[in-house]
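A.B. asks: Enclosed is the structure file data_13.cif (mmCIF, C-alpha atoms).
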```
data_upload
#
loop_
_atom_site.label_atom_id
_atom_site.label_comp_id
_atom_site.auth_asym_id
_atom_site.auth_seq_id
_atom_site.Cartn_x
_atom_site.Cartn_y
_atom_site.Cartn_z
CA ALA A 755 1.47 23.98 4.70
CA GLU A 756 -1.37 22.12 3.14
CA GLY A 757 -4.17 20.71 5.24
CA THR A 758 -7.64 21.54 6.43
CA LYS A 759 -7.95 23.55 9.64
CA LYS A 760 -10.70 22.35 11.97
CA GLU A 761 -11.75 22.41 15.57
CA ALA A 762 -11.24 19.09 17.44
CA GLU A 763 -12.28 18.72 21.06
CA GLY A 764 -11.91 22.46 21.67
CA ALA A 765 -8.42 22.77 20.12
CA ASP A 766 -7.40 24.02 16.70
CA VAL A 767 -5.79 21.36 14.55
CA ILE A 768 -4.95 20.93 10.90
CA VAL A 769 -6.06 17.70 9.23
CA HIS A 770 -3.18 16.44 7.07
CA GLN A 771 -3.96 13.91 4.32
CA VAL A 772 -1.20 11.28 4.50
CA LYS A 773 0.49 10.39 1.21
CA PRO A 774 2.51 7.18 0.67
CA SER A 775 5.72 9.25 0.56
CA ASP A 776 5.06 11.06 3.88
CA THR A 777 7.25 10.55 6.92
CA ILE A 778 6.66 11.77 10.46
CA GLN A 779 9.80 13.92 10.17
CA GLY A 780 8.71 15.42 6.86
CA VAL A 781 5.26 16.30 8.18
CA SER A 782 6.91 17.76 11.28
CA LEU A 783 9.09 20.04 9.16
CA GLN A 784 6.21 20.95 6.86
CA TYR A 785 4.06 22.28 9.71
CA GLY A 786 6.78 23.38 12.16
CA VAL A 787 5.54 21.02 14.89
CA SER A 788 7.79 18.46 16.59
CA ALA A 789 7.44 14.86 15.45
CA GLN A 790 6.97 13.84 19.09
CA ARG A 791 4.04 16.26 19.49
CA ILE A 792 2.36 14.97 16.31
CA LYS A 793 2.81 11.41 17.59
CA GLU A 794 1.34 12.36 21.00
CA VAL A 795 -1.71 14.10 19.55
CA ASN A 796 -2.42 11.22 17.17
CA GLY A 797 -1.58 8.38 19.58
CA ILE A 798 1.18 7.05 17.31
CA TYR A 799 3.75 4.76 18.93
CA GLY A 800 5.94 3.77 15.98
CA SER A 801 7.78 5.82 13.39
CA THR A 802 5.72 5.08 10.27
CA ILE A 803 2.56 6.96 9.36
CA VAL A 804 1.59 5.52 5.96
CA GLN A 805 -0.97 3.28 7.61
CA TYR A 806 -3.02 6.37 8.54
CA SER A 807 -5.17 8.24 6.03
CA THR A 808 -5.04 11.50 8.04
CA LEU A 809 -3.05 13.07 10.86
CA LEU A 810 -4.13 15.82 13.21
CA ILE A 811 -1.49 18.55 13.38
CA PRO A 812 -1.78 20.72 16.52
CA THR A 813 -1.66 24.47 15.98
CA SER A 814 -1.10 25.12 19.68
CA ASP A 815 0.23 23.37 22.76
CA ASP A 816 -3.36 23.03 24.03
CA ALA A 817 -4.30 20.31 21.53
CA PRO A 818 -5.34 17.18 23.45
CA SER A 819 -3.84 13.77 22.82
CA LEU A 820 -6.33 11.60 21.00
CA ARG A 821 -6.98 7.92 20.77
CA ARG A 822 -6.80 6.93 17.14
CA LYS A 823 -9.66 4.79 15.96
CA ARG A 824 -8.59 1.77 14.01
CA LYS A 825 -9.49 1.76 10.37
CA PRO A 826 -12.54 -0.43 9.79
CA ALA A 827 -11.67 -3.87 8.46
CA MET A 828 -12.29 -4.44 4.78
CA ALA A 829 -15.45 -6.34 3.95
CA GLY A 830 -13.24 -9.11 2.63
CA ARG A 831 -11.43 -10.19 -0.48
CA ARG A 832 -14.61 -10.07 -2.57
CA LYS A 833 -15.12 -6.38 -1.79
CA GLN A 834 -11.47 -5.68 -2.68
CA LEU A 835 -11.84 -7.45 -6.02
CA GLU A 836 -15.09 -5.62 -6.82
CA ASP A 837 -13.45 -2.28 -6.08
CA LEU A 838 -10.41 -3.18 -8.16
CA MET A 839 -12.51 -4.32 -11.12
CA ALA A 840 -14.21 -0.92 -11.17
CA MET A 841 -10.89 0.92 -11.52
CA GLU A 842 -8.76 1.41 -14.60
CA SER A 843 -5.84 -1.01 -14.86
CA ALA A 844 -3.15 1.64 -14.17
CA THR A 845 -5.05 2.76 -11.08
CA VAL A 846 -5.43 -0.86 -9.96
CA GLU A 847 -1.70 -1.46 -10.24
CA GLU A 848 -0.94 1.75 -8.34
CA SER A 849 -3.48 0.83 -5.67
CA LEU A 850 -1.94 -2.64 -5.23
CA GLN A 851 1.57 -1.14 -5.06
CA THR A 852 0.44 1.32 -2.38
CA ALA A 853 -1.27 -1.44 -0.39
CA LEU A 854 1.87 -3.60 -0.50
CA TYR A 855 4.13 -0.64 0.30
CA ARG A 856 2.02 0.24 3.35
CA LYS A 857 2.19 -3.34 4.60
CA MET A 858 5.95 -3.39 4.08
CA CYS A 859 6.33 -0.09 5.97
CA SER A 860 4.20 -1.34 8.84
CA LEU A 861 6.69 -4.22 9.15
CA GLY A 862 9.62 -1.83 9.29
CA GLY A 863 10.98 -1.41 5.79
CA GLY A 864 10.65 -1.53 2.07
CA SER A 865 10.36 1.04 -0.67
CA LEU A 866 7.80 1.82 -3.32
CA GLN A 867 10.23 0.49 -5.96
CA GLN A 868 10.54 -2.79 -4.04
CA ALA A 869 6.76 -3.03 -3.75
CA LYS A 870 6.46 -2.58 -7.52
CA ALA A 871 9.09 -5.26 -8.21
CA TYR A 872 7.69 -7.83 -5.77
CA LEU A 873 4.15 -7.23 -7.03
CA ALA A 874 5.32 -7.91 -10.60
CA LEU A 875 7.08 -11.11 -9.47
CA ALA A 876 3.92 -12.25 -7.65
CA ASP A 877 1.56 -11.54 -10.58
CA CYS A 878 -0.20 -8.73 -8.67
CA ASP A 879 -0.94 -10.91 -5.62
CA VAL A 880 -0.27 -8.60 -2.66
CA ASP A 881 -0.17 -11.41 -0.08
CA GLU A 882 2.30 -13.46 -2.14
CA ALA A 883 4.44 -10.38 -2.82
CA LEU A 884 4.52 -9.60 0.90
CA ARG A 885 5.48 -13.21 1.70
CA MET A 886 8.31 -13.06 -0.84
CA TRP A 887 9.54 -9.71 0.53
CA LYS A 888 9.49 -11.02 4.12
CA GLU A 889 11.42 -14.11 3.05
CA ASP A 890 14.06 -12.00 1.29
CA ALA A 891 14.28 -9.52 4.18
CA GLU A 892 14.79 -12.41 6.61
CA TRP A 893 17.45 -13.91 4.34
CA GLU A 894 19.32 -10.57 4.26
CA VAL A 895 19.68 -10.47 8.06
CA THR A 896 20.41 -14.16 8.57
CA PRO A 897 24.13 -14.86 8.81
CA PRO A 898 25.38 -17.08 5.99
CA LEU A 899 25.95 -20.72 6.75
CA LEU A 900 29.56 -21.70 6.70
CA PHE A 901 30.34 -25.07 5.26
CA VAL A 902 33.37 -26.75 6.67
CA GLN A 903 35.09 -29.40 4.61
CA ARG A 904 36.16 -32.45 6.58
#
```
Show the structure stored in the file as structure tokens.
C.D. replies:
Amino acid sequence: AEGTKKEAEGADVIVHQVKPSDTIQGVSLQYGVSAQRIKEVNGIYGSTIVQYSTLLIPTSDDAPSLRRKRKPAMAGRRKQLEDLMAMESATVEESLQTALYRKMCSLGGGSLQQAKAYLALADCDVDEALRMWKEDAEWEVTPPLLFVQR
């Protein structure tokens, strides 16, 4: 299993770097630790983990449950644009796709392929792509209207 072993609050843990394709079940299988135990140690309540950059994987039953600190808020849209301008265009597109995919996952669905498609439709505007995806997802679960001829 890949990860960095470290000591956290007196217990041995492995720090796992979360990739966009990771799932709690996959990480659980990779390290031989139950998904429930990983969720307890990291203070995770849902089933998605892509919103985290790292997870602590307990190497023993003694590992304490931790309170996850929220990621610091971005300095704003200007900071995002400055960071994106410094990257190569392929990296920018990949970064935007990952950002959209993570937002979609945090709302309970979506795939990396969908993120790519919606981002292309929205001319690389993550917020617009997310709005379009939400609208389509809502449409998919809404029962069709039946028109009755009189």
A.B. asks: From the list A:Ser775, A:Ala876, A:Ile768, A:Ser860, which residue is nearest A:Tyr799 when using all atoms listed in the file?
C.D. replies: A:Ser860
A.B. asks: Spell out the residues picked by the PyMOL selection byres ((chain A and resi 881) around 12) here, as a list in words.
C.D. replies: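 In the shown coordinates, the PyMOL selection byres ((chain A and resi 881) around 12) covers Arg831, Leu850, Gln851, Ala853, Leu854, Tyr855, Lys857, Met858, Ala869, Tyr872, Leu873, Leu875, Ala876, Asp877, Cys878, Asp879, Val880, Glu882, Ala883, Leu884, Arg885, Met886, Trp887 and Lys888 of chain A.
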A.B. asks: In Å, how far is it from atom CA of A:Asp766 to atom CA of A:Ser814?
C.D. replies: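 Calculated distance between atom CA of A:Asp766 and atom CA of A:Ser814 is 7.1 Å.
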A.B. asks: For atom CA of A:Ala789 and atom CA of A:Gln771, quote the distance in Å rounded to one decimal.
C.D. replies: 16.0 Å
A.B. asks: Pick out the closest residue to A:Gln805 from this set: A:Gln790, A:Gln784, A:Gln868, A:Thr852. Count all atoms listed in the file.
C.D. replies: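 Of A:Gln790, A:Gln784, A:Gln868, A:Thr852, the one nearest A:Gln805, counting all atoms listed in the file, is A:Thr852.
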A.B. asks: Quick one: of A:Val804, A:Ala891, A:Ile778, A:Leu809, who's nearest to A:Gly864, counting all atoms listed in the file?
C.D. replies: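 For A:Gly864, the nearest of the given residues is A:Ala891.
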A.B. asks: Pick the closest to A:Val772 from A:Gln867, A:Thr813, A:Thr896, A:Ser807: which is it, counting all atoms listed in the file?
C.D. replies: A:Ser807
A.B. asks: Please measure the separation of atom CA of A:Ala871 and atom CA of A:Pro774, giving the value in Å to one decimal.
C.D. replies: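 Straight-line distance from atom CA of A:Ala871 to atom CA of A:Pro774 works out to 16.6 Å.
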A.B. asks: For this file, the PyMOL selection byres ((chain A and resi 793) around 10) selects which residues, as a PDB file with C-alpha atoms, in the frame of the given file?
C.D. replies:
```pdb
ATOM      1  CA  ILE A 778       6.660  11.770  10.460  1.00  0.00           C
ATOM      2  CA  SER A 782       6.910  17.760  11.280  1.00  0.00           C
ATOM      3  CA  SER A 788       7.790  18.460  16.590  1.00  0.00           C
ATOM      4  CA  ALA A 789       7.440  14.860  15.450  1.00  0.00           C
ATOM      5  CA  GLN A 790       6.970  13.840  19.090  1.00  0.00           C
ATOM      6  CA  ARG A 791       4.040  16.260  19.490  1.00  0.00           C
ATOM      7  CA  ILE A 792       2.360  14.970  16.310  1.00  0.00           C
ATOM      8  CA  GLU A 794       1.340  12.360  21.000  1.00  0.00           C
ATOM      9  CA  VAL A 795      -1.710  14.100  19.550  1.00  0.00           C
ATOM     10  CA  ASN A 796      -2.420  11.220  17.170  1.00  0.00           C
ATOM     11  CA  GLY A 797      -1.580   8.380  19.580  1.00  0.00           C
ATOM     12  CA  ILE A 798       1.180   7.050  17.310  1.00  0.00           C
ATOM     13  CA  TYR A 799       3.750   4.760  18.930  1.00  0.00           C
ATOM     14  CA  GLY A 800       5.940   3.770  15.980  1.00  0.00           C
ATOM     15  CA  SER A 801       7.780   5.820  13.390  1.00  0.00           C
ATOM     16  CA  ILE A 803       2.560   6.960   9.360  1.00  0.00           C
ATOM     17  CA  LEU A 809      -3.050  13.070  10.860  1.00  0.00           C
ATOM     18  CA  LEU A 810      -4.130  15.820  13.210  1.00  0.00           C
ATOM     19  CA  ILE A 811      -1.490  18.550  13.380  1.00  0.00           C
ATOM     20  CA  SER A 819      -3.840  13.770  22.820  1.00  0.00           C
ATOM     21  CA  LEU A 820      -6.330  11.600  21.000  1.00  0.00           C
TER      22      LEU A 820
END
```
A.B. asks: Centre and edge lengths, as JSON, for the axis-aligned box enclosing every listed atom of stretch 784-796 of chain A with 4 Å of padding on each of the six sides, in Å to one decimal?
C.D. replies:
```
{"center_x": 2.7, "center_y": 17.3, "center_z": 13.9, "size_x": 18.2, "size_y": 20.2, "size_z": 22.1}
```
